[in-house]
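S.K.: Here it is, the structure in full.
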Amino acid sequence: MASYFPDDEDIARAIPRVSDLTLADIPAEIGLFPLSGVLLLPRGKLPLNVFEPRYIALVEDALASHRLIGLIQPVWKEEDAETDDAPPLYHIGSIGRITSFTERSDGTYAITLSGIARFRLLRETGLHRGYRQARIDASSFASDLSELPSAPFDRQKLLDSMRRYFQQRGLGARWSAIEQMGDDVLLVTLPMICPFPPAEKQALLDAGTLTDRVRVLQMLLDLAGPEDEGPPS
């Protein structure tokens, strides 16, 4: 008797798995979620609470299509009011895939974005349902989709610097879990959890490779003194 139900392998996915994404799967235009001081690196995971109507619309539209959102930092200047609805943006952001979400009874969302690749902001294309959209280009960050391991680095020095940074600021961390991470996971996790200022977060995002990111991260940790101290003379 013929089955009414196709075999699993005959059921095509509407969108590719995260691990199967290629540059061809990244749209030329994407909805933007500007967030200051927030860093999402390729292969990182970022939980977000989404409650503003325009970003609820962004999540809904992403879920209905490719599930991709462009996370990017605004560039605040001293003379700018941080209430500006359309501040200027940095030129490089991160593409995040919605890999889990919960819709609450009040219509807000709790989502997790998985970092896919960085992108270069080409130009904004206006508003759609209240959120900003832009033309993007991820071609110069193709290695994010299959990034090679970093060159050898001084892991213990990096961890010692991070411990000192956290102690100076009275911050806690699950050090036992951090110490068990593989090098590549460590180099995604540490930059994302360190509470650096927005410009320093952007420097980590802009770093070309994992090896470059190690250098930037080590420099930022070493330059950061206690919060009550001024910059090094």
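Residues are referred to by chain and number: the chain letter is A, B, ... according to the order shown in the structure tokens, the number counts from 1 in that chain, and ligands are numbered separately from 1 in the order shown.
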Could you list, as a PyMOL selection string, every residue within 8 Å of range 179-187 of chain A, counting only C-alpha atoms and ignoring same-chain residues fewer than 2 positions away?
M.R.: chain A and resi 149-150+155+175-177+189-191+210+213-214
S.K.: Now that the selection is made, can you save its residues with N, CA and C atoms as a PDB file, in the first residue's frame?
M.R.:
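Contents of the output file part_36.pdb:
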```
ATOM      1  N   PRO A 149      40.934  27.804  12.584  1.00  0.00           N
ATOM      2  CA  PRO A 149      41.359  28.079  13.959  1.00  0.00           C
ATOM      3  C   PRO A 149      42.399  29.197  13.997  1.00  0.00           C
ATOM      4  N   SER A 150      42.514  29.832  15.157  1.00  0.00           N
ATOM      5  CA  SER A 150      43.499  30.890  15.309  1.00  0.00           C
ATOM      6  C   SER A 150      44.897  30.304  15.348  1.00  0.00           C
ATOM      7  N   ARG A 155      47.216  31.262  25.897  1.00  0.00           N
ATOM      8  CA  ARG A 155      45.891  31.119  26.512  1.00  0.00           C
ATOM      9  C   ARG A 155      45.906  31.526  27.981  1.00  0.00           C
ATOM     10  N   TRP A 175      34.384  30.581  36.055  1.00  0.00           N
ATOM     11  CA  TRP A 175      35.742  30.335  35.581  1.00  0.00           C
ATOM     12  C   TRP A 175      35.989  28.869  35.260  1.00  0.00           C
ATOM     13  N   SER A 176      35.361  27.978  35.990  1.00  0.00           N
ATOM     14  CA  SER A 176      35.571  26.554  35.700  1.00  0.00           C
ATOM     15  C   SER A 176      35.063  26.211  34.308  1.00  0.00           C
ATOM     16  N   ALA A 177      33.927  26.797  33.929  1.00  0.00           N
ATOM     17  CA  ALA A 177      33.383  26.549  32.590  1.00  0.00           C
ATOM     18  C   ALA A 177      34.247  27.212  31.529  1.00  0.00           C
ATOM     19  N   THR A 189      33.559  33.587  23.009  1.00  0.00           N
ATOM     20  CA  THR A 189      32.841  33.870  24.253  1.00  0.00           C
ATOM     21  C   THR A 189      33.422  35.062  25.005  1.00  0.00           C
ATOM     22  N   LEU A 190      34.745  35.100  25.182  1.00  0.00           N
ATOM     23  CA  LEU A 190      35.352  36.152  25.993  1.00  0.00           C
ATOM     24  C   LEU A 190      35.046  37.560  25.480  1.00  0.00           C
ATOM     25  N   PRO A 191      35.217  37.845  24.181  1.00  0.00           N
ATOM     26  CA  PRO A 191      34.905  39.206  23.718  1.00  0.00           C
ATOM     27  C   PRO A 191      33.437  39.581  23.926  1.00  0.00           C
ATOM     28  N   LEU A 210      40.500  35.366  13.652  1.00  0.00           N
ATOM     29  CA  LEU A 210      40.576  34.982  15.063  1.00  0.00           C
ATOM     30  C   LEU A 210      41.906  35.403  15.673  1.00  0.00           C
ATOM     31  N   ARG A 213      41.774  38.946  16.422  1.00  0.00           N
ATOM     32  CA  ARG A 213      40.894  39.175  17.563  1.00  0.00           C
ATOM     33  C   ARG A 213      41.625  38.908  18.878  1.00  0.00           C
ATOM     34  N   VAL A 214      42.472  37.882  18.899  1.00  0.00           N
ATOM     35  CA  VAL A 214      43.266  37.605  20.097  1.00  0.00           C
ATOM     36  C   VAL A 214      44.115  38.816  20.453  1.00  0.00           C
TER      37      VAL A 214
END
```
S.K.: Compile a residue-level contact table for range 128-232 of chain A against range 116-121 of chain A at a cut-off of 7 Å, reporting for every qualifying residue the shortest atom pair and its distance in Å to one decimal, with only C-alpha atoms counted, rows ordered by chain and ascending number, as a tab-separated table.
M.R.:
```
residue	atom	partner	partner_atom	distance
A:Ala134	CA	A:Leu121	CA	7.0
A:Arg135	CA	A:Leu121	CA	6.5
A:Ile136	CA	A:Leu121	CA	4.8
A:Asp137	CA	A:Arg120	CA	5.2
A:Ala138	CA	A:Phe119	CA	4.3
A:Phe141	CA	A:Arg118	CA	6.0
A:Asp144	CA	A:Ala117	CA	5.1
A:Leu145	CA	A:Ala117	CA	6.2
```
S.K.: For Leu221 in chain A, which residue out of A:Ile95, A:Leu41, A:Ile26, A:Leu159 is the nearest one, using only C-alpha atoms?
M.R.: A:Leu159
S.K.: Apply DSSP to the backbone of this structure and, from range 175-231 of chain A, keep only the residues in helix (DSSP H, G or I); write these as a ChimeraX atom specification.
M.R.: /A:175-179,183-193,198-206,210-223
S.K.: Just want the 12 Å neighbourhood of Gly126 in chain A, counted on only C-alpha atoms, with same-chain residues fewer than 6 positions away dropped. Output as a PyMOL selection string.
M.R.: chain A and resi 29-32+86+132-135
S.K.: Write the residues of the preceding selection, restricted to all heavy atoms, as a PDB file, in the first residue's frame.
M.R.:
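Produced file again-v5.pdb, reproduced below:
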```
ATOM      1  N   GLU A  29      19.550  42.577   1.201  1.00  0.00           N
ATOM      2  CA  GLU A  29      18.918  43.592   2.044  1.00  0.00           C
ATOM      3  C   GLU A  29      18.416  42.918   3.306  1.00  0.00           C
ATOM      4  O   GLU A  29      17.878  41.811   3.256  1.00  0.00           O
ATOM      5  CB  GLU A  29      17.768  44.270   1.291  1.00  0.00           C
ATOM      6  CG  GLU A  29      17.152  45.444   2.027  1.00  0.00           C
ATOM      7  CD  GLU A  29      16.197  46.234   1.149  1.00  0.00           C
ATOM      8  OE1 GLU A  29      16.559  46.530  -0.004  1.00  0.00           O
ATOM      9  OE2 GLU A  29      15.092  46.552   1.630  1.00  0.00           O
ATOM     10  N   ILE A  30      18.586  43.599   4.429  1.00  0.00           N
ATOM     11  CA  ILE A  30      18.253  42.973   5.700  1.00  0.00           C
ATOM     12  C   ILE A  30      17.712  44.023   6.661  1.00  0.00           C
ATOM     13  O   ILE A  30      18.028  45.213   6.553  1.00  0.00           O
ATOM     14  CB  ILE A  30      19.509  42.279   6.292  1.00  0.00           C
ATOM     15  CG1 ILE A  30      19.129  41.224   7.329  1.00  0.00           C
ATOM     16  CG2 ILE A  30      20.479  43.297   6.879  1.00  0.00           C
ATOM     17  CD1 ILE A  30      20.273  40.322   7.732  1.00  0.00           C
ATOM     18  N   GLY A  31      16.869  43.579   7.582  1.00  0.00           N
ATOM     19  CA  GLY A  31      16.384  44.454   8.631  1.00  0.00           C
ATOM     20  C   GLY A  31      17.438  44.626   9.711  1.00  0.00           C
ATOM     21  O   GLY A  31      18.138  43.672  10.064  1.00  0.00           O
ATOM     22  N   LEU A  32      17.550  45.839  10.242  1.00  0.00           N
ATOM     23  CA  LEU A  32      18.598  46.165  11.202  1.00  0.00           C
ATOM     24  C   LEU A  32      18.051  46.277  12.630  1.00  0.00           C
ATOM     25  O   LEU A  32      16.968  46.809  12.852  1.00  0.00           O
ATOM     26  CB  LEU A  32      19.267  47.489  10.827  1.00  0.00           C
ATOM     27  CG  LEU A  32      19.937  47.560   9.452  1.00  0.00           C
ATOM     28  CD1 LEU A  32      20.506  48.953   9.230  1.00  0.00           C
ATOM     29  CD2 LEU A  32      21.028  46.497   9.311  1.00  0.00           C
ATOM     30  N   ALA A  86      17.135  57.467  14.869  1.00  0.00           N
ATOM     31  CA  ALA A  86      17.908  57.002  13.718  1.00  0.00           C
ATOM     32  C   ALA A  86      19.342  57.520  13.805  1.00  0.00           C
ATOM     33  O   ALA A  86      19.778  58.304  12.963  1.00  0.00           O
ATOM     34  CB  ALA A  86      17.242  57.445  12.423  1.00  0.00           C
ATOM     35  N   ARG A 132      14.623  49.883  10.559  1.00  0.00           N
ATOM     36  CA  ARG A 132      15.518  50.303   9.488  1.00  0.00           C
ATOM     37  C   ARG A 132      15.964  49.096   8.658  1.00  0.00           C
ATOM     38  O   ARG A 132      16.218  48.017   9.196  1.00  0.00           O
ATOM     39  CB  ARG A 132      16.728  51.026  10.086  1.00  0.00           C
ATOM     40  CG  ARG A 132      16.326  52.269  10.832  1.00  0.00           C
ATOM     41  CD  ARG A 132      17.399  52.768  11.786  1.00  0.00           C
ATOM     42  NE  ARG A 132      18.505  53.443  11.113  1.00  0.00           N
ATOM     43  CZ  ARG A 132      19.472  54.091  11.766  1.00  0.00           C
ATOM     44  NH1 ARG A 132      19.469  54.130  13.094  1.00  0.00           N
ATOM     45  NH2 ARG A 132      20.446  54.685  11.090  1.00  0.00           N
ATOM     46  N   GLN A 133      16.066  49.312   7.368  1.00  0.00           N
ATOM     47  CA  GLN A 133      16.558  48.286   6.451  1.00  0.00           C
ATOM     48  C   GLN A 133      17.787  48.813   5.715  1.00  0.00           C
ATOM     49  O   GLN A 133      17.961  50.028   5.574  1.00  0.00           O
ATOM     50  CB  GLN A 133      15.487  47.902   5.425  1.00  0.00           C
ATOM     51  CG  GLN A 133      14.321  47.109   5.994  1.00  0.00           C
ATOM     52  CD  GLN A 133      13.405  46.631   4.886  1.00  0.00           C
ATOM     53  OE1 GLN A 133      12.879  47.434   4.123  1.00  0.00           O
ATOM     54  NE2 GLN A 133      13.217  45.333   4.793  1.00  0.00           N
ATOM     55  N   ALA A 134      18.626  47.898   5.246  1.00  0.00           N
ATOM     56  CA  ALA A 134      19.833  48.333   4.552  1.00  0.00           C
ATOM     57  C   ALA A 134      20.282  47.301   3.541  1.00  0.00           C
ATOM     58  O   ALA A 134      20.017  46.098   3.686  1.00  0.00           O
ATOM     59  CB  ALA A 134      20.955  48.589   5.560  1.00  0.00           C
ATOM     60  N   ARG A 135      20.967  47.783   2.531  1.00  0.00           N
ATOM     61  CA  ARG A 135      21.709  46.915   1.612  1.00  0.00           C
ATOM     62  C   ARG A 135      23.027  46.573   2.280  1.00  0.00           C
ATOM     63  O   ARG A 135      23.701  47.439   2.845  1.00  0.00           O
ATOM     64  CB  ARG A 135      21.970  47.633   0.294  1.00  0.00           C
ATOM     65  CG  ARG A 135      20.728  48.054  -0.463  1.00  0.00           C
ATOM     66  CD  ARG A 135      20.099  46.909  -1.214  1.00  0.00           C
ATOM     67  NE  ARG A 135      20.966  46.403  -2.278  1.00  0.00           N
ATOM     68  CZ  ARG A 135      20.597  45.451  -3.131  1.00  0.00           C
ATOM     69  NH1 ARG A 135      19.396  44.889  -3.023  1.00  0.00           N
ATOM     70  NH2 ARG A 135      21.416  45.035  -4.065  1.00  0.00           N
TER      71      ARG A 135
END
```
S.K.: Just want the 8 Å neighbourhood of Val38 in chain A, counted on only C-alpha atoms, with same-chain residues fewer than 3 positions away dropped. Output as a list in words.
M.R.: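 With the cut-off at 8 Å, the set is Leu35, Gln73, Met192, Pro198 and Lys201 of chain A.
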S.K.: Deliver the residues from the most recent selection as a file, using N, CA and C atoms, as a compact mmCIF listing (two decimals), in the first residue's frame.
M.R.:
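The file below, selection_25.txt, is the result:
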```txt
# COMPACT_ATOMS: atom_id res chain seq x y z
N LEU A 35 21.96 48.12 18.35
CA LEU A 35 22.13 47.95 19.80
C LEU A 35 23.53 48.39 20.18
N GLN A 73 25.89 48.34 15.73
CA GLN A 73 25.96 49.35 16.78
C GLN A 73 25.72 50.76 16.22
N MET A 192 32.54 38.60 23.84
CA MET A 192 31.12 38.89 23.97
C MET A 192 30.71 39.18 25.41
N PRO A 198 31.37 50.58 23.77
CA PRO A 198 30.97 50.27 22.39
C PRO A 198 32.10 50.33 21.37
N LYS A 201 34.15 47.24 21.67
CA LYS A 201 33.40 46.10 21.12
C LYS A 201 33.50 46.10 19.59
```
S.K.: Please identify which residues in range 1-232 of chain A DSSP calls strand (DSSP E) from the backbone, and express them as number ranges by chain.
M.R.: A: 29-34, 45-50, 68-72, 92-103, 109-128, 131-137
S.K.: Give me, as a short mmCIF file (atom, residue, chain, number, x, y, z; two decimals) with N, CA, C and O atoms, in the first residue's frame, all polymer residues having an atom no more than 9 Å from Ser36 in chain A, counting only C-alpha atoms and skipping those fewer than 4 positions away in the same chain.
M.R.:
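Here's the written file result_22.cif:
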```
data_model
loop_
_atom_site.label_atom_id
_atom_site.label_comp_id
_atom_site.auth_asym_id
_atom_site.auth_seq_id
_atom_site.Cartn_x
_atom_site.Cartn_y
_atom_site.Cartn_z
N ILE A 72 23.75 45.67 14.65
CA ILE A 72 24.77 46.68 14.37
C ILE A 72 24.73 47.75 15.45
O ILE A 72 23.67 48.02 16.03
N GLN A 73 25.89 48.34 15.73
CA GLN A 73 25.96 49.35 16.78
C GLN A 73 25.72 50.76 16.22
O GLN A 73 26.24 51.10 15.15
N PRO A 74 24.96 51.58 16.94
CA PRO A 74 24.88 53.00 16.58
C PRO A 74 26.16 53.70 17.00
O PRO A 74 26.85 53.26 17.92
N VAL A 75 26.47 54.78 16.32
CA VAL A 75 27.64 55.60 16.67
C VAL A 75 27.13 56.85 17.39
O VAL A 75 26.58 57.75 16.76
N TRP A 76 27.30 56.86 18.69
CA TRP A 76 26.86 58.02 19.46
C TRP A 76 28.01 59.00 19.60
O TRP A 76 29.12 58.63 19.99
N PRO A 197 33.47 49.15 26.43
CA PRO A 197 32.68 50.22 25.81
C PRO A 197 32.38 49.91 24.35
O PRO A 197 33.07 49.08 23.73
N PRO A 198 31.37 50.58 23.77
CA PRO A 198 30.97 50.27 22.39
C PRO A 198 32.10 50.33 21.37
O PRO A 198 32.20 49.46 20.50
#
```
